[in-house]
Amino acid sequence: MDFARIAKTTVCCALLLTGCSIDPTYNKSNIPESLTNLYAEEGISPESKIIGDTIAIHIEKEGLLLKVGGQIGVGPEFDEISRILIVNLHRVLLSSDRKINFYVMLFSDPSIPGAYLTMVRYAKDLYLTYVSRISTEEFFDRTVYDLHYLGPQASLSLDTYIQRQIELSEFLSWQLAKRVQNKLVEQFKENSDVRVGTGLGEFQDREFRFTVNVLSQNKEEPLDDQTYEEIFDTATSEIEEVLSSYEYQEFDTVKIIHQPTGRHMSLPKAHLNILQ
C-alpha cells in the first residue's frame with residue numbers, strides 16, 4: 001500500500017502550518033521534555049528518544065492502523081495523529097539550537113500487534129523546503145515509509161528499534177531503493193509483459209548496492225536485452241540525480257543487481273554524472 005500517497009495531504013498541511021507559525025526557541029538540553037509538553041496539550045503521549053543526531057518518536061494508539069483481510073493500511077486516526085506529531089516536531093526542529101539530522105516516527109496500533117509503520121526524514125530536507133529550495137513534492141519523495149510486520153507475539157520499543165543514529169549513506173540507500181522502484185513502475189506501466197516488485201538498498205564499505213526486482217509475466221519468456229538495458233538505464237539515472245541533489249560524494253561505487261537473475265552493473269563514482 002502507498003502510505004506516502006495516503007498521508008500526503010496531512011503531511012503537507014503540517015508543513016505549511018509549521019512554516020506559517022512564529023515559534024519560540026527550544027533549548028537543546030530539553031527537546032524531549034518540550035515535545036512531551038506540546039503533545040500533552042494535544043492529548044497524546046508518545047515516547048521520544050534522542051540518540052546522537054537522530055530523534056525517534058513512537059506512538060501507539062487505537063485507529064492508527066487498519067487491517068482488512070491480509071492487508072494492513074492506515075486507520076481513521078492516522079491523519080490527525082500524524083499531523084499533531086509532525087507539526088509540533090517541526091516547530092521544535094525549526095527553532096532549536098540542537099543539531100538533529102534525522103527524525104523517525106514509529107506508528108503502532110494495539111489492535112494489530114506486531115505491525116509498525118515507520119517514517120524517516122532528513123532534517124535538512126525540512127529546512128530546504130521551508131526556504132523553498134526544494135519543492136513540497138520533492139520533500140515527499142525524499143521521505144522513507146515502510147511497514148514492518150513482526151508477528152502477533154512481537155513487541156517493539158524505541159530502545160530496541162533504534163540503537164544508534166542514522167547515517168546519511170544508509171538513509172540515501174533506503175530512499176533510493178524506493179525511488180528506483182517507483183521509476184521502474186512508471187517505466188513499465190504500459191508494458192503488460194513486465195512486472196516490477198520490491199527492491200532493496202544498502203550501503204557498505206563505501207558501496208551503494210541496489211537490487212531491482214523486475215520480472216517477466218510469462219515464465220517461459222525471459223526478459224530480453226533491451227528490457228535489461230532499460231532497467232539499468234532507469235535505475236542509474238535516478239541514482240545519479242538523487243546523489244547529485246544531495247551533493248553526496250562519500251562513496252566509491254554503485255552496484256545495481258537484477259535480483260531474479262543476478263545480472264548486475266557496477267559503476268565507479270567517476271563514471272557517474274554527479275557534480276560533474
# chains A, B, ... in the order shown; residues from 1 in each chain; ligands from 1
$ residues_around --residues "Gln249 in chain A" --least-positions-apart "4" --cutoff "12 Å" --atoms "only C-alpha atoms" --output "PDB file with N, CA, C and O atoms, in the first residue's frame"
ATOM      1  N   LEU A 168      23.674   9.341   6.843  1.00  0.00           N
ATOM      2  CA  LEU A 168      23.137   9.808   5.563  1.00  0.00           C
ATOM      3  C   LEU A 168      23.272   8.738   4.482  1.00  0.00           C
ATOM      4  O   LEU A 168      22.372   8.567   3.648  1.00  0.00           O
ATOM      5  N   SER A 169      24.366   7.995   4.487  1.00  0.00           N
ATOM      6  CA  SER A 169      24.577   6.965   3.470  1.00  0.00           C
ATOM      7  C   SER A 169      23.467   5.912   3.500  1.00  0.00           C
ATOM      8  O   SER A 169      22.953   5.511   2.449  1.00  0.00           O
ATOM      9  N   LEU A 172      20.109   7.399   2.332  1.00  0.00           N
ATOM     10  CA  LEU A 172      20.067   7.512   0.873  1.00  0.00           C
ATOM     11  C   LEU A 172      19.833   6.150   0.227  1.00  0.00           C
ATOM     12  O   LEU A 172      19.134   6.051  -0.789  1.00  0.00           O
ATOM     13  N   ARG A 206      31.652   1.669   1.590  1.00  0.00           N
ATOM     14  CA  ARG A 206      31.637   2.765   0.608  1.00  0.00           C
ATOM     15  C   ARG A 206      31.020   2.352  -0.734  1.00  0.00           C
ATOM     16  O   ARG A 206      31.313   2.957  -1.760  1.00  0.00           O
ATOM     17  N   GLU A 207      30.159   1.363  -0.696  1.00  0.00           N
ATOM     18  CA  GLU A 207      29.451   0.945  -1.907  1.00  0.00           C
ATOM     19  C   GLU A 207      27.943   0.986  -1.679  1.00  0.00           C
ATOM     20  O   GLU A 207      27.439   0.419  -0.708  1.00  0.00           O
ATOM     21  N   PHE A 208      27.234   1.670  -2.585  1.00  0.00           N
ATOM     22  CA  PHE A 208      25.781   1.572  -2.634  1.00  0.00           C
ATOM     23  C   PHE A 208      25.433   0.323  -3.429  1.00  0.00           C
ATOM     24  O   PHE A 208      25.955   0.116  -4.530  1.00  0.00           O
ATOM     25  N   GLU A 240      21.884   8.738 -10.045  1.00  0.00           N
ATOM     26  CA  GLU A 240      22.717   9.907 -10.329  1.00  0.00           C
ATOM     27  C   GLU A 240      22.016  11.194  -9.903  1.00  0.00           C
ATOM     28  O   GLU A 240      22.630  12.058  -9.266  1.00  0.00           O
ATOM     29  N   VAL A 242      19.563  11.754  -7.700  1.00  0.00           N
ATOM     30  CA  VAL A 242      19.361  11.929  -6.260  1.00  0.00           C
ATOM     31  C   VAL A 242      20.684  12.186  -5.550  1.00  0.00           C
ATOM     32  O   VAL A 242      20.786  13.104  -4.714  1.00  0.00           O
ATOM     33  N   LEU A 243      21.718  11.411  -5.847  1.00  0.00           N
ATOM     34  CA  LEU A 243      23.006  11.637  -5.196  1.00  0.00           C
ATOM     35  C   LEU A 243      23.547  13.023  -5.516  1.00  0.00           C
ATOM     36  O   LEU A 243      24.142  13.685  -4.657  1.00  0.00           O
ATOM     37  N   SER A 244      23.329  13.485  -6.737  1.00  0.00           N
ATOM     38  CA  SER A 244      23.764  14.827  -7.107  1.00  0.00           C
ATOM     39  C   SER A 244      22.986  15.890  -6.346  1.00  0.00           C
ATOM     40  O   SER A 244      23.561  16.892  -5.901  1.00  0.00           O
ATOM     41  N   SER A 245      21.677  15.680  -6.165  1.00  0.00           N
ATOM     42  CA  SER A 245      20.858  16.670  -5.461  1.00  0.00           C
ATOM     43  C   SER A 245      21.282  16.805  -4.000  1.00  0.00           C
ATOM     44  O   SER A 245      21.143  17.871  -3.402  1.00  0.00           O
ATOM     45  N   THR A 253      31.586   3.253  -5.243  1.00  0.00           N
ATOM     46  CA  THR A 253      30.902   2.565  -6.345  1.00  0.00           C
ATOM     47  C   THR A 253      29.405   2.455  -6.074  1.00  0.00           C
ATOM     48  O   THR A 253      28.948   2.532  -4.932  1.00  0.00           O
ATOM     49  N   VAL A 254      28.672   2.253  -7.160  1.00  0.00           N
ATOM     50  CA  VAL A 254      27.254   1.923  -7.115  1.00  0.00           C
ATOM     51  C   VAL A 254      27.070   0.606  -7.861  1.00  0.00           C
ATOM     52  O   VAL A 254      27.529   0.475  -9.007  1.00  0.00           O
ATOM     53  N   PRO A 268      31.858   2.800 -10.949  1.00  0.00           N
ATOM     54  CA  PRO A 268      32.681   3.663 -10.084  1.00  0.00           C
ATOM     55  C   PRO A 268      32.097   5.070 -10.043  1.00  0.00           C
ATOM     56  O   PRO A 268      31.462   5.525 -11.004  1.00  0.00           O
ATOM     57  N   LYS A 269      32.328   5.770  -8.942  1.00  0.00           N
ATOM     58  CA  LYS A 269      31.788   7.119  -8.813  1.00  0.00           C
ATOM     59  C   LYS A 269      32.223   8.015  -9.971  1.00  0.00           C
ATOM     60  O   LYS A 269      31.430   8.842 -10.456  1.00  0.00           O
ATOM     61  N   ALA A 270      33.446   7.837 -10.443  1.00  0.00           N
ATOM     62  CA  ALA A 270      33.960   8.686 -11.511  1.00  0.00           C
ATOM     63  C   ALA A 270      33.180   8.539 -12.805  1.00  0.00           C
ATOM     64  O   ALA A 270      33.210   9.424 -13.671  1.00  0.00           O
ATOM     65  N   LEU A 272      29.868   8.212 -12.932  1.00  0.00           N
ATOM     66  CA  LEU A 272      28.508   8.717 -12.754  1.00  0.00           C
ATOM     67  C   LEU A 272      28.495  10.222 -12.933  1.00  0.00           C
ATOM     68  O   LEU A 272      29.471  10.928 -12.623  1.00  0.00           O
ATOM     69  N   ASN A 273      27.364  10.735 -13.423  1.00  0.00           N
ATOM     70  CA  ASN A 273      27.223  12.178 -13.651  1.00  0.00           C
ATOM     71  C   ASN A 273      26.790  12.853 -12.361  1.00  0.00           C
ATOM     72  O   ASN A 273      25.661  13.331 -12.222  1.00  0.00           O
ATOM     73  N   ILE A 274      27.699  12.897 -11.389  1.00  0.00           N
ATOM     74  CA  ILE A 274      27.409  13.500 -10.098  1.00  0.00           C
ATOM     75  C   ILE A 274      28.376  14.667  -9.875  1.00  0.00           C
ATOM     76  O   ILE A 274      29.595  14.479  -9.800  1.00  0.00           O
ATOM     77  N   LEU A 275      27.807  15.871  -9.799  1.00  0.00           N
ATOM     78  CA  LEU A 275      28.594  17.081  -9.577  1.00  0.00           C
ATOM     79  C   LEU A 275      29.723  17.212 -10.583  1.00  0.00           C
ATOM     80  O   LEU A 275      30.841  17.583 -10.254  1.00  0.00           O
ATOM     81  N   GLN A 276      29.440  16.910 -11.827  1.00  0.00           N
ATOM     82  CA  GLN A 276      30.467  16.993 -12.859  1.00  0.00           C
ATOM     83  C   GLN A 276      30.233  18.215 -13.717  1.00  0.00           C
ATOM     84  O   GLN A 276      29.127  18.647 -13.896  1.00  0.00           O
TER      85      GLN A 276
END
$ residues_around --residues "range 26-28 of chain A" --least-positions-apart "3" --cutoff "12 Å" --atoms "only C-alpha atoms" --output "list in words"
Asp23, Ile31, Pro32, Glu33, Ser34, Leu35, Asn37, Leu38, Ile50, Asp53, Asn88, Leu89, His90, Arg91, Val92, Leu93, Leu94, Ser95, Ser96, Asp97, Arg98, Lys99 and Ile100 of chain A
$ select_by_dssp --residues "range 1-245 of chain A" --states "strand (DSSP E or B)" --output "PyMOL selection string"
chain A and resi 26+47-51+54-60+65-68+71-74+96+102-108+115-122+144-149+194-196+200-204+207-212+214-216
$ residues_around --residues "Lys178 in chain A" --least-positions-apart "6" --cutoff "10 Å" --atoms "only C-alpha atoms" --output "list in words"
Asp141, Arg142, Thr143, Val144, Tyr145, Asp146, Leu172, Leu184, Thr198, Gly199, Leu200 and Gly201 of chain A
$ write_last_selection --atoms "N, CA, C and O atoms" --output "mmCIF file, in the first residue's frame"
data_model
loop_
_atom_site.group_PDB
_atom_site.id
_atom_site.type_symbol
_atom_site.label_atom_id
_atom_site.label_comp_id
_atom_site.auth_asym_id
_atom_site.auth_seq_id
_atom_site.Cartn_x
_atom_site.Cartn_y
_atom_site.Cartn_z
ATOM 1 N N ASP A 141 9.001 12.903 -1.821
ATOM 2 C CA ASP A 141 9.772 11.848 -2.482
ATOM 3 C C ASP A 141 10.997 11.458 -1.667
ATOM 4 O O ASP A 141 11.477 10.329 -1.768
ATOM 5 N N ARG A 142 11.504 12.384 -0.870
ATOM 6 C CA ARG A 142 12.677 12.104 -0.050
ATOM 7 C C ARG A 142 12.324 11.426 1.274
ATOM 8 O O ARG A 142 13.215 11.062 2.041
ATOM 9 N N THR A 143 11.055 11.282 1.559
ATOM 10 C CA THR A 143 10.611 10.622 2.785
ATOM 11 C C THR A 143 10.590 9.111 2.587
ATOM 12 O O THR A 143 10.133 8.627 1.558
ATOM 13 N N VAL A 144 11.087 8.386 3.583
ATOM 14 C CA VAL A 144 11.100 6.921 3.523
ATOM 15 C C VAL A 144 9.984 6.387 4.417
ATOM 16 O O VAL A 144 9.984 6.618 5.628
ATOM 17 N N TYR A 145 9.033 5.683 3.816
ATOM 18 C CA TYR A 145 7.964 4.999 4.546
ATOM 19 C C TYR A 145 8.190 3.496 4.438
ATOM 20 O O TYR A 145 8.628 2.996 3.404
ATOM 21 N N ASP A 146 7.862 2.796 5.510
ATOM 22 C CA ASP A 146 7.952 1.346 5.442
ATOM 23 C C ASP A 146 6.996 0.732 6.458
ATOM 24 O O ASP A 146 6.737 1.319 7.519
ATOM 25 N N LEU A 172 20.109 7.399 2.332
ATOM 26 C CA LEU A 172 20.067 7.512 0.873
ATOM 27 C C LEU A 172 19.833 6.150 0.227
ATOM 28 O O LEU A 172 19.134 6.051 -0.789
ATOM 29 N N LEU A 184 10.860 2.516 -12.012
ATOM 30 C CA LEU A 184 10.697 1.316 -12.846
ATOM 31 C C LEU A 184 9.216 1.010 -13.062
ATOM 32 O O LEU A 184 8.819 0.594 -14.161
ATOM 33 N N THR A 198 9.322 -5.376 -5.322
ATOM 34 C CA THR A 198 10.018 -4.555 -4.333
ATOM 35 C C THR A 198 11.531 -4.705 -4.456
ATOM 36 O O THR A 198 12.046 -5.817 -4.563
ATOM 37 N N GLY A 199 12.227 -3.584 -4.434
ATOM 38 C CA GLY A 199 13.678 -3.595 -4.466
ATOM 39 C C GLY A 199 14.258 -3.270 -3.101
ATOM 40 O O GLY A 199 13.538 -2.875 -2.168
ATOM 41 N N LEU A 200 15.561 -3.422 -2.963
ATOM 42 C CA LEU A 200 16.247 -3.164 -1.699
ATOM 43 C C LEU A 200 17.474 -2.296 -1.939
ATOM 44 O O LEU A 200 18.034 -2.281 -3.039
ATOM 45 N N GLY A 201 17.880 -1.579 -0.893
ATOM 46 C CA GLY A 201 19.094 -0.781 -0.973
ATOM 47 C C GLY A 201 19.902 -0.902 0.303
ATOM 48 O O GLY A 201 19.342 -1.027 1.391
#
$ atom_distance --atom1 "CA of Lys255 in chain A" --atom2 "CA of Ala123 in chain A"
27.1 Å
$ atom_distance --atom1 "CA of Gly69 in chain A" --atom2 "CA of Ser111 in chain A"
14.1 Å
$ atom_distance --atom1 "CA of Glu221 in chain A" --atom2 "CA of Phe188 in chain A"
16.6 Å
$ residues_around --residues "Pro260 in chain A" --least-positions-apart "6" --cutoff "8 Å" --atoms "only C-alpha atoms" --output "list of chain:residue names"
A:Asn213, A:Val214, A:Leu215
$ select_by_dssp --residues "range 44-180 of chain A" --states "alpha helix (DSSP H)" --output "ChimeraX atom specification"
/A:78-93,123-130,136-141,158-161,168-180
$ closest_residue --among "A:Gly197, A:Gly114, A:Pro222, A:Gly52" --to "Ile72 in chain A" --atoms "only C-alpha atoms"
A:Gly114
$ residues_around --residues "Leu223 in chain A" --least-positions-apart "5" --cutoff "12 Å" --atoms "only C-alpha atoms" --output "list in words"
Asn191, Asp193, Val194, Arg195, Asn213, Val214, Leu215, Ser216, Gln217, Asn218, Tyr228, Glu229, Glu230, Ile231, His258, Pro260, Thr261 and Arg263 of chain A
$ write_last_selection --atoms "all heavy atoms" --output "short mmCIF file (atom, residue, chain, number, x, y, z; two decimals), in the first residue's frame"
data_model
loop_
_atom_site.label_atom_id
_atom_site.label_comp_id
_atom_site.auth_asym_id
_atom_site.auth_seq_id
_atom_site.Cartn_x
_atom_site.Cartn_y
_atom_site.Cartn_z
N ASN A 191 3.68 -1.67 -20.22
CA ASN A 191 4.17 -2.96 -20.71
C ASN A 191 3.56 -4.09 -19.88
O ASN A 191 3.99 -4.37 -18.76
CB ASN A 191 5.70 -3.00 -20.63
CG ASN A 191 6.30 -4.21 -21.33
OD1 ASN A 191 5.62 -5.21 -21.53
ND2 ASN A 191 7.58 -4.12 -21.68
N ASP A 193 3.82 -7.13 -20.22
CA ASP A 193 4.66 -8.32 -20.14
C ASP A 193 5.66 -8.26 -18.98
O ASP A 193 6.36 -9.23 -18.72
CB ASP A 193 5.45 -8.51 -21.45
CG ASP A 193 4.53 -8.77 -22.63
OD1 ASP A 193 3.47 -9.39 -22.42
OD2 ASP A 193 4.87 -8.34 -23.75
N VAL A 194 5.72 -7.11 -18.29
CA VAL A 194 6.73 -6.90 -17.26
C VAL A 194 6.06 -6.55 -15.93
O VAL A 194 5.09 -5.78 -15.90
CB VAL A 194 7.71 -5.78 -17.66
CG1 VAL A 194 8.67 -5.45 -16.53
CG2 VAL A 194 8.48 -6.18 -18.91
N ARG A 195 6.56 -7.12 -14.86
CA ARG A 195 6.06 -6.82 -13.51
C ARG A 195 7.22 -6.34 -12.65
O ARG A 195 8.29 -6.95 -12.64
CB ARG A 195 5.42 -8.06 -12.89
CG ARG A 195 4.95 -7.89 -11.45
CD ARG A 195 4.09 -9.06 -11.00
NE ARG A 195 4.79 -10.33 -11.12
CZ ARG A 195 5.57 -10.83 -10.16
NH1 ARG A 195 5.77 -10.16 -9.04
NH2 ARG A 195 6.17 -12.00 -10.33
N ASN A 213 13.87 -5.72 -8.79
CA ASN A 213 13.10 -6.95 -8.94
C ASN A 213 12.09 -6.76 -10.08
O ASN A 213 10.94 -6.39 -9.86
CB ASN A 213 12.39 -7.27 -7.63
CG ASN A 213 11.74 -8.63 -7.63
OD1 ASN A 213 11.91 -9.41 -8.56
ND2 ASN A 213 10.98 -8.92 -6.60
N VAL A 214 12.57 -6.96 -11.28
CA VAL A 214 11.73 -6.81 -12.47
C VAL A 214 11.61 -8.18 -13.14
O VAL A 214 12.62 -8.81 -13.46
CB VAL A 214 12.31 -5.78 -13.46
CG1 VAL A 214 11.40 -5.61 -14.66
CG2 VAL A 214 12.55 -4.44 -12.76
N LEU A 215 10.39 -8.64 -13.34
CA LEU A 215 10.14 -9.99 -13.82
C LEU A 215 9.33 -9.99 -15.10
O LEU A 215 8.55 -9.07 -15.37
CB LEU A 215 9.37 -10.79 -12.75
CG LEU A 215 10.01 -10.90 -11.37
CD1 LEU A 215 9.00 -11.46 -10.38
CD2 LEU A 215 11.23 -11.78 -11.43
N SER A 216 9.49 -11.04 -15.86
CA SER A 216 8.62 -11.28 -17.00
C SER A 216 7.33 -11.92 -16.51
O SER A 216 7.34 -12.80 -15.64
CB SER A 216 9.30 -12.21 -18.01
OG SER A 216 8.39 -12.59 -19.02
N GLN A 217 6.20 -11.46 -17.01
CA GLN A 217 4.92 -12.05 -16.63
C GLN A 217 4.79 -13.47 -17.15
O GLN A 217 4.06 -14.29 -16.60
CB GLN A 217 3.76 -11.19 -17.18
CG GLN A 217 3.65 -9.81 -16.54
CD GLN A 217 2.99 -9.84 -15.17
OE1 GLN A 217 3.02 -10.85 -14.47
NE2 GLN A 217 2.39 -8.74 -14.78
N ASN A 218 5.51 -13.79 -18.20
CA ASN A 218 5.49 -15.12 -18.79
C ASN A 218 6.78 -15.86 -18.41
O ASN A 218 7.87 -15.51 -18.87
CB ASN A 218 5.37 -15.03 -20.32
CG ASN A 218 5.18 -16.39 -20.98
OD1 ASN A 218 5.44 -17.42 -20.37
ND2 ASN A 218 4.74 -16.38 -22.22
N TYR A 228 16.50 -5.30 -20.21
CA TYR A 228 17.57 -5.17 -19.22
C TYR A 228 18.25 -3.81 -19.34
O TYR A 228 18.57 -3.16 -18.33
CB TYR A 228 18.61 -6.28 -19.40
CG TYR A 228 18.21 -7.60 -18.80
CD1 TYR A 228 18.02 -8.72 -19.61
CD2 TYR A 228 18.03 -7.74 -17.43
CE1 TYR A 228 17.66 -9.94 -19.06
CE2 TYR A 228 17.67 -8.95 -16.87
CZ TYR A 228 17.49 -10.05 -17.69
OH TYR A 228 17.13 -11.25 -17.14
N GLU A 229 18.47 -3.36 -20.56
CA GLU A 229 19.10 -2.06 -20.77
C GLU A 229 18.24 -0.94 -20.20
O GLU A 229 18.74 -0.01 -19.56
CB GLU A 229 19.33 -1.84 -22.27
CG GLU A 229 20.08 -0.55 -22.58
CD GLU A 229 20.40 -0.41 -24.06
OE1 GLU A 229 20.33 -1.42 -24.80
OE2 GLU A 229 20.70 0.72 -24.48
N GLU A 230 16.92 -1.03 -20.40
CA GLU A 230 16.02 -0.03 -19.85
C GLU A 230 16.03 -0.06 -18.32
O GLU A 230 15.99 1.00 -17.67
CB GLU A 230 14.59 -0.29 -20.36
CG GLU A 230 14.41 -0.02 -21.84
CD GLU A 230 13.00 -0.36 -22.32
OE1 GLU A 230 12.12 -0.57 -21.46
OE2 GLU A 230 12.79 -0.41 -23.55
N ILE A 231 16.08 -1.24 -17.74
CA ILE A 231 16.12 -1.36 -16.28
C ILE A 231 17.34 -0.65 -15.72
O ILE A 231 17.25 0.20 -14.82
CB ILE A 231 16.13 -2.85 -15.86
CG1 ILE A 231 14.80 -3.52 -16.19
CG2 ILE A 231 16.44 -2.98 -14.36
CD1 ILE A 231 14.81 -5.03 -16.04
N HIS A 258 20.13 -7.16 -10.74
CA HIS A 258 18.81 -7.68 -11.11
C HIS A 258 18.57 -8.94 -10.28
O HIS A 258 19.18 -9.98 -10.51
CB HIS A 258 18.75 -8.00 -12.61
CG HIS A 258 17.41 -8.49 -13.05
ND1 HIS A 258 17.21 -9.79 -13.51
CD2 HIS A 258 16.21 -7.88 -13.09
CE1 HIS A 258 15.95 -9.93 -13.82
NE2 HIS A 258 15.31 -8.81 -13.59
N PRO A 260 16.29 -11.37 -9.76
CA PRO A 260 15.94 -12.74 -10.18
C PRO A 260 17.07 -13.49 -10.87
O PRO A 260 17.16 -14.72 -10.76
CB PRO A 260 14.77 -12.51 -11.15
CG PRO A 260 14.20 -11.19 -10.76
CD PRO A 260 15.39 -10.37 -10.34
N THR A 261 17.95 -12.76 -11.58
CA THR A 261 18.98 -13.45 -12.36
C THR A 261 20.40 -13.25 -11.84
O THR A 261 21.31 -13.99 -12.21
CB THR A 261 18.95 -12.96 -13.82
OG1 THR A 261 19.30 -11.56 -13.85
CG2 THR A 261 17.59 -13.17 -14.44
N ARG A 263 22.13 -10.77 -12.67
CA ARG A 263 22.78 -9.88 -13.65
C ARG A 263 23.00 -8.52 -12.99
O ARG A 263 22.11 -8.00 -12.31
CB ARG A 263 21.87 -9.75 -14.86
CG ARG A 263 22.51 -9.13 -16.09
CD ARG A 263 21.62 -9.38 -17.30
NE ARG A 263 22.13 -8.78 -18.50
CZ ARG A 263 21.63 -9.02 -19.72
NH1 ARG A 263 20.62 -9.87 -19.86
NH2 ARG A 263 22.15 -8.43 -20.79
#
$ closest_residue --among "A:Asn30, A:Thr227, A:Thr54, A:Thr234" --to "Ile162 in chain A" --atoms "only C-alpha atoms"
A:Thr54
$ residues_around --residues "Arg133 in chain A" --least-positions-apart "6" --cutoff "12 Å" --atoms "only C-alpha atoms" --output "PyMOL selection string"
chain A and resi 124-127+139+245
$ write_last_selection --atoms "C-alpha atoms" --output "PDB file, in the first residue's frame"
ATOM      1  CA  LYS A 124      17.932  19.287   6.171  1.00  0.00           C
ATOM      2  CA  ASP A 125      15.201  18.401   3.675  1.00  0.00           C
ATOM      3  CA  LEU A 126      12.708  20.078   6.007  1.00  0.00           C
ATOM      4  CA  TYR A 127      14.823  23.235   6.165  1.00  0.00           C
ATOM      5  CA  PHE A 139      10.151  16.645   0.113  1.00  0.00           C
ATOM      6  CA  SER A 245      20.858  16.670  -5.461  1.00  0.00           C
TER       7      SER A 245
END
